[in-house]
Amino acid sequence: ELCILRRAPTMVLPTTTKDAPPVPMQRNYAERYAMYVSAATRNATYGHYLRRAFRWKQMDVEYSLWQFASMCVNPKTVYRHTTYRKQTKNQWARDDPTFVVLSAIFVAVAALMYCAAYDANGRGHAARVVTRCVLGDYLGFGCAYATIGWYLANKYLRAKTIGGHAHAVEQKVEWLYAFDVHCNAFAPTYVLLYLVQGLASPLLARQGYVAAIASCLLYAVALVYHNYCVFVGYNALPFLERTEFFLYPAAVCAVAAPLAALVAFNPTRFVLWVYFGDRALA
């Protein structure tokens with residue numbers, strides 16, 4: 001008996017072809033899952049950060065005080081630990097809010113010191129001044145300043161290729177890191193414009209060119225060093241370029257300070273007038 005075996009023809013589904021590219025459905029699901037995990041991680045990080053702000057026992061006070069002092073002397077030392085944090089925890093920003101909490105406490109103490117010296121409007125006004133300094137000047141302005149720096153860094157300063165590799169993982173500046181940069185730069189500003197100015201305010205608040213020149217010099221040094229600390233913070237990120245952009249406001253301050261001194265503008269008197277009125281200048 002002769003058996004003739006015929007090979008069944010290859011069946012191809014009508015929706016596909018032999019040369020058709022792979023269906024991108026799996027890739028789309030992978031991208032969506034990665035976005036979901038990234039958003040969940042970010043929300044968990046912010047929630048964890050806020051919860052730790054109210055748990056004093058979990059705060060590393062000694063390390064935060066060391067950071068506060070180092071920012072006044074050698075800010076680059078603080079940002080070396082940023083690289084270690086990225087290697088161990090895979091994030092640039094601090095996950096410990098101790099530095100922010102201590103800075104807020106320091107601002108409140110300094111505001112109370114100013115109120116004790118210049119406020120004659122009672123405890124209610126003093127409470128409003130302290131709240132304004134902590135929530136408005138420090139946290140509110142800090143959030144706005146950090147958002148501007150975060151946006152500019154991600155929009156204009158990111159390198160196209162990281163480390164010379166076209167296929168390197170794309171990195172972005174975390175908003176919490178931008179806020180860390182502001183808080184770190186605030187440390188020397190606090191020492192100069194809160195403590196030194198407060199102690200020297202009886203002399204700096206006097207009328208005349210000498211007091212105006214001294215006050216302008218103090219503000220110029222504080223603001224220039226503040227911008228330098230901001231520059232060091234963003235310059236520590238290896239995927240950013242042209243970070244000298246953050247030094248431009250320092251040049252503006254260096255030029256504006258002599259001009260303000262020439263017209264006898266006294267920043268110390270102006271700040272005291274804004275917070276405490278004409279009675280503080282009497």
# chains A, B, ... in the order shown; residues from 1 in each chain; ligands from 1
>>> residues_around(residues="A:Tyr156", least_positions_apart="5", cutoff="10 Å", atoms="only C-alpha atoms", output="list of chain:residue names")
A:Tyr151, A:Leu240, A:Glu241, A:Arg242, A:Thr243
>>> write_last_selection(atoms="all heavy atoms", output="compact mmCIF listing (two decimals), in the first residue's frame")
# COMPACT_ATOMS: atom_id res chain seq x y z
N TYR A 151 12.58 72.77 38.62
CA TYR A 151 12.08 72.89 37.25
C TYR A 151 13.20 73.28 36.29
O TYR A 151 13.35 72.68 35.21
CB TYR A 151 10.95 73.92 37.20
CG TYR A 151 10.48 74.22 35.80
CD1 TYR A 151 9.61 73.34 35.15
CD2 TYR A 151 10.91 75.36 35.13
CE1 TYR A 151 9.18 73.61 33.85
CE2 TYR A 151 10.49 75.63 33.84
CZ TYR A 151 9.62 74.76 33.21
OH TYR A 151 9.21 75.02 31.92
N LEU A 240 23.85 66.63 35.68
CA LEU A 240 23.56 68.02 35.38
C LEU A 240 24.80 68.69 34.79
O LEU A 240 25.93 68.37 35.16
CB LEU A 240 23.12 68.77 36.64
CG LEU A 240 21.78 68.37 37.26
CD1 LEU A 240 21.47 69.27 38.44
CD2 LEU A 240 20.65 68.42 36.25
N GLU A 241 24.58 69.63 33.90
CA GLU A 241 25.65 70.41 33.31
C GLU A 241 25.26 71.89 33.33
O GLU A 241 24.12 72.24 33.53
CB GLU A 241 25.93 69.96 31.88
CG GLU A 241 24.73 70.04 30.96
CD GLU A 241 25.00 69.49 29.58
OE1 GLU A 241 26.07 68.89 29.39
OE2 GLU A 241 24.14 69.66 28.69
N ARG A 242 26.27 72.74 33.20
CA ARG A 242 26.07 74.20 33.23
C ARG A 242 25.43 74.65 34.56
O ARG A 242 24.60 75.56 34.58
CB ARG A 242 25.21 74.66 32.04
CG ARG A 242 25.75 74.27 30.70
CD ARG A 242 24.95 74.88 29.56
NE ARG A 242 23.53 74.58 29.66
CZ ARG A 242 22.97 73.47 29.20
NH1 ARG A 242 23.72 72.55 28.60
NH2 ARG A 242 21.67 73.27 29.32
N THR A 243 25.82 74.00 35.66
CA THR A 243 25.26 74.36 36.95
C THR A 243 25.76 75.71 37.47
O THR A 243 25.23 76.21 38.46
CB THR A 243 25.60 73.28 37.99
OG1 THR A 243 27.01 73.03 37.98
CG2 THR A 243 24.86 71.99 37.69
>>> closest_atom_pairs(of="stretch 47-93 of chain A", to="stretch 168-191 of chain A", cutoff="6 Å", atoms="only C-alpha atoms", output="Markdown table")
| residue | atom | partner | partner_atom | distance |
| --- | --- | --- | --- | --- |
| A:Phe68 | CA | A:Ala187 | CA | 5.8 |
| A:Cys72 | CA | A:Pro188 | CA | 4.9 |
| A:Ala93 | CA | A:Tyr177 | CA | 4.2 |
>>> write_last_selection(atoms="all heavy atoms", output="mmCIF file, in the first residue's frame")
data_model
loop_
_atom_site.group_PDB
_atom_site.id
_atom_site.type_symbol
_atom_site.label_atom_id
_atom_site.label_comp_id
_atom_site.auth_asym_id
_atom_site.auth_seq_id
_atom_site.Cartn_x
_atom_site.Cartn_y
_atom_site.Cartn_z
ATOM 1 N N PHE A 68 24.613 70.871 59.577
ATOM 2 C CA PHE A 68 24.347 72.306 59.714
ATOM 3 C C PHE A 68 25.662 73.064 59.874
ATOM 4 O O PHE A 68 25.860 74.105 59.234
ATOM 5 C CB PHE A 68 23.444 72.537 60.920
ATOM 6 C CG PHE A 68 22.755 73.862 60.920
ATOM 7 C CD1 PHE A 68 21.466 74.002 60.423
ATOM 8 C CD2 PHE A 68 23.387 74.987 61.428
ATOM 9 C CE1 PHE A 68 20.836 75.232 60.426
ATOM 10 C CE2 PHE A 68 22.765 76.225 61.436
ATOM 11 C CZ PHE A 68 21.485 76.346 60.936
ATOM 12 N N CYS A 72 28.271 75.656 56.903
ATOM 13 C CA CYS A 72 28.822 76.986 57.163
ATOM 14 C C CYS A 72 30.327 77.042 56.908
ATOM 15 O O CYS A 72 30.885 78.135 56.754
ATOM 16 C CB CYS A 72 28.536 77.398 58.606
ATOM 17 S SG CYS A 72 26.776 77.471 59.017
ATOM 18 N N ALA A 93 17.846 62.529 47.574
ATOM 19 C CA ALA A 93 17.326 63.342 48.673
ATOM 20 C C ALA A 93 17.451 62.618 50.001
ATOM 21 O O ALA A 93 17.510 61.378 50.059
ATOM 22 C CB ALA A 93 15.862 63.702 48.418
#
>>> atom_distance(atom1="atom CA of A:Pro249", atom2="atom CA of A:Trp66")
27.4 Å
>>> closest_atom_pairs(of="stretch 104-168 of chain A", to="stretch 211-232 of chain A", cutoff="12 Å", atoms="only C-alpha atoms", output="tab-separated table")
residue	atom	partner	partner_atom	distance
A:Tyr145	CA	A:Val230	CA	10.6
A:Ala146	CA	A:Val230	CA	10.1
A:Gly149	CA	A:Val230	CA	9.2
A:Trp150	CA	A:Val230	CA	11.6
A:Ala153	CA	A:Phe231	CA	11.2
>>> decode(residues="stretch 199-218 of chain A", atoms="N, CA, C and O atoms", output="PDB file, in the first residue's frame")
ATOM      1  N   LEU A 199      22.265  89.973  66.907  1.00  0.00           N
ATOM      2  CA  LEU A 199      23.165  90.448  67.968  1.00  0.00           C
ATOM      3  C   LEU A 199      23.732  91.836  67.660  1.00  0.00           C
ATOM      4  O   LEU A 199      23.960  92.630  68.573  1.00  0.00           O
ATOM      5  N   ALA A 200      23.951  92.099  66.378  1.00  0.00           N
ATOM      6  CA  ALA A 200      24.535  93.389  65.993  1.00  0.00           C
ATOM      7  C   ALA A 200      23.495  94.408  65.566  1.00  0.00           C
ATOM      8  O   ALA A 200      23.852  95.512  65.133  1.00  0.00           O
ATOM      9  N   SER A 201      22.230  94.089  65.696  1.00  0.00           N
ATOM     10  CA  SER A 201      21.180  94.997  65.233  1.00  0.00           C
ATOM     11  C   SER A 201      21.175  96.362  65.928  1.00  0.00           C
ATOM     12  O   SER A 201      20.823  97.364  65.282  1.00  0.00           O
ATOM     13  N   PRO A 202      21.552  96.473  67.223  1.00  0.00           N
ATOM     14  CA  PRO A 202      21.609  97.826  67.791  1.00  0.00           C
ATOM     15  C   PRO A 202      22.565  98.751  67.054  1.00  0.00           C
ATOM     16  O   PRO A 202      22.348  99.975  67.014  1.00  0.00           O
ATOM     17  N   LEU A 203      23.602  98.190  66.442  1.00  0.00           N
ATOM     18  CA  LEU A 203      24.538  98.997  65.664  1.00  0.00           C
ATOM     19  C   LEU A 203      24.128  99.094  64.202  1.00  0.00           C
ATOM     20  O   LEU A 203      24.243 100.160  63.587  1.00  0.00           O
ATOM     21  N   LEU A 204      23.659  97.983  63.655  1.00  0.00           N
ATOM     22  CA  LEU A 204      23.304  97.966  62.239  1.00  0.00           C
ATOM     23  C   LEU A 204      22.050  98.782  61.949  1.00  0.00           C
ATOM     24  O   LEU A 204      21.876  99.282  60.823  1.00  0.00           O
ATOM     25  N   ALA A 205      21.176  98.925  62.931  1.00  0.00           N
ATOM     26  CA  ALA A 205      19.904  99.631  62.709  1.00  0.00           C
ATOM     27  C   ALA A 205      20.023 101.138  62.892  1.00  0.00           C
ATOM     28  O   ALA A 205      19.012 101.847  62.802  1.00  0.00           O
ATOM     29  N   ARG A 206      21.199 101.627  63.124  1.00  0.00           N
ATOM     30  CA  ARG A 206      21.363 103.066  63.273  1.00  0.00           C
ATOM     31  C   ARG A 206      21.268 103.757  61.917  1.00  0.00           C
ATOM     32  O   ARG A 206      21.449 103.146  60.871  1.00  0.00           O
ATOM     33  N   GLN A 207      21.005 105.044  61.958  1.00  0.00           N
ATOM     34  CA  GLN A 207      20.959 105.825  60.740  1.00  0.00           C
ATOM     35  C   GLN A 207      22.374 106.248  60.355  1.00  0.00           C
ATOM     36  O   GLN A 207      23.250 106.375  61.197  1.00  0.00           O
ATOM     37  N   GLY A 208      22.579 106.462  59.065  1.00  0.00           N
ATOM     38  CA  GLY A 208      23.884 106.910  58.605  1.00  0.00           C
ATOM     39  C   GLY A 208      24.516 105.940  57.620  1.00  0.00           C
ATOM     40  O   GLY A 208      24.077 104.794  57.454  1.00  0.00           O
ATOM     41  N   TYR A 209      25.561 106.402  56.958  1.00  0.00           N
ATOM     42  CA  TYR A 209      26.230 105.611  55.932  1.00  0.00           C
ATOM     43  C   TYR A 209      27.000 104.433  56.522  1.00  0.00           C
ATOM     44  O   TYR A 209      27.075 103.367  55.891  1.00  0.00           O
ATOM     45  N   VAL A 210      27.586 104.605  57.684  1.00  0.00           N
ATOM     46  CA  VAL A 210      28.402 103.524  58.250  1.00  0.00           C
ATOM     47  C   VAL A 210      27.546 102.293  58.533  1.00  0.00           C
ATOM     48  O   VAL A 210      27.898 101.169  58.160  1.00  0.00           O
ATOM     49  N   ALA A 211      26.400 102.505  59.178  1.00  0.00           N
ATOM     50  CA  ALA A 211      25.514 101.378  59.465  1.00  0.00           C
ATOM     51  C   ALA A 211      24.951 100.792  58.176  1.00  0.00           C
ATOM     52  O   ALA A 211      24.817  99.562  58.055  1.00  0.00           O
ATOM     53  N   ALA A 212      24.633 101.629  57.194  1.00  0.00           N
ATOM     54  CA  ALA A 212      24.102 101.131  55.923  1.00  0.00           C
ATOM     55  C   ALA A 212      25.138 100.284  55.189  1.00  0.00           C
ATOM     56  O   ALA A 212      24.815  99.220  54.641  1.00  0.00           O
ATOM     57  N   ILE A 213      26.383 100.742  55.177  1.00  0.00           N
ATOM     58  CA  ILE A 213      27.437  99.981  54.506  1.00  0.00           C
ATOM     59  C   ILE A 213      27.659  98.637  55.202  1.00  0.00           C
ATOM     60  O   ILE A 213      27.788  97.591  54.543  1.00  0.00           O
ATOM     61  N   ALA A 214      27.687  98.649  56.531  1.00  0.00           N
ATOM     62  CA  ALA A 214      27.885  97.397  57.269  1.00  0.00           C
ATOM     63  C   ALA A 214      26.728  96.429  57.033  1.00  0.00           C
ATOM     64  O   ALA A 214      26.937  95.221  56.840  1.00  0.00           O
ATOM     65  N   SER A 215      25.512  96.943  57.020  1.00  0.00           N
ATOM     66  CA  SER A 215      24.350  96.082  56.793  1.00  0.00           C
ATOM     67  C   SER A 215      24.351  95.525  55.370  1.00  0.00           C
ATOM     68  O   SER A 215      24.073  94.328  55.159  1.00  0.00           O
ATOM     69  N   CYS A 216      24.638  96.359  54.388  1.00  0.00           N
ATOM     70  CA  CYS A 216      24.701  95.887  53.006  1.00  0.00           C
ATOM     71  C   CYS A 216      25.793  94.848  52.819  1.00  0.00           C
ATOM     72  O   CYS A 216      25.617  93.863  52.088  1.00  0.00           O
ATOM     73  N   LEU A 217      26.912  95.044  53.487  1.00  0.00           N
ATOM     74  CA  LEU A 217      27.994  94.069  53.396  1.00  0.00           C
ATOM     75  C   LEU A 217      27.581  92.731  53.991  1.00  0.00           C
ATOM     76  O   LEU A 217      27.869  91.666  53.423  1.00  0.00           O
ATOM     77  N   LEU A 218      26.911  92.777  55.133  1.00  0.00           N
ATOM     78  CA  LEU A 218      26.447  91.538  55.766  1.00  0.00           C
ATOM     79  C   LEU A 218      25.468  90.796  54.862  1.00  0.00           C
ATOM     80  O   LEU A 218      25.586  89.567  54.678  1.00  0.00           O
TER      81      LEU A 218
END
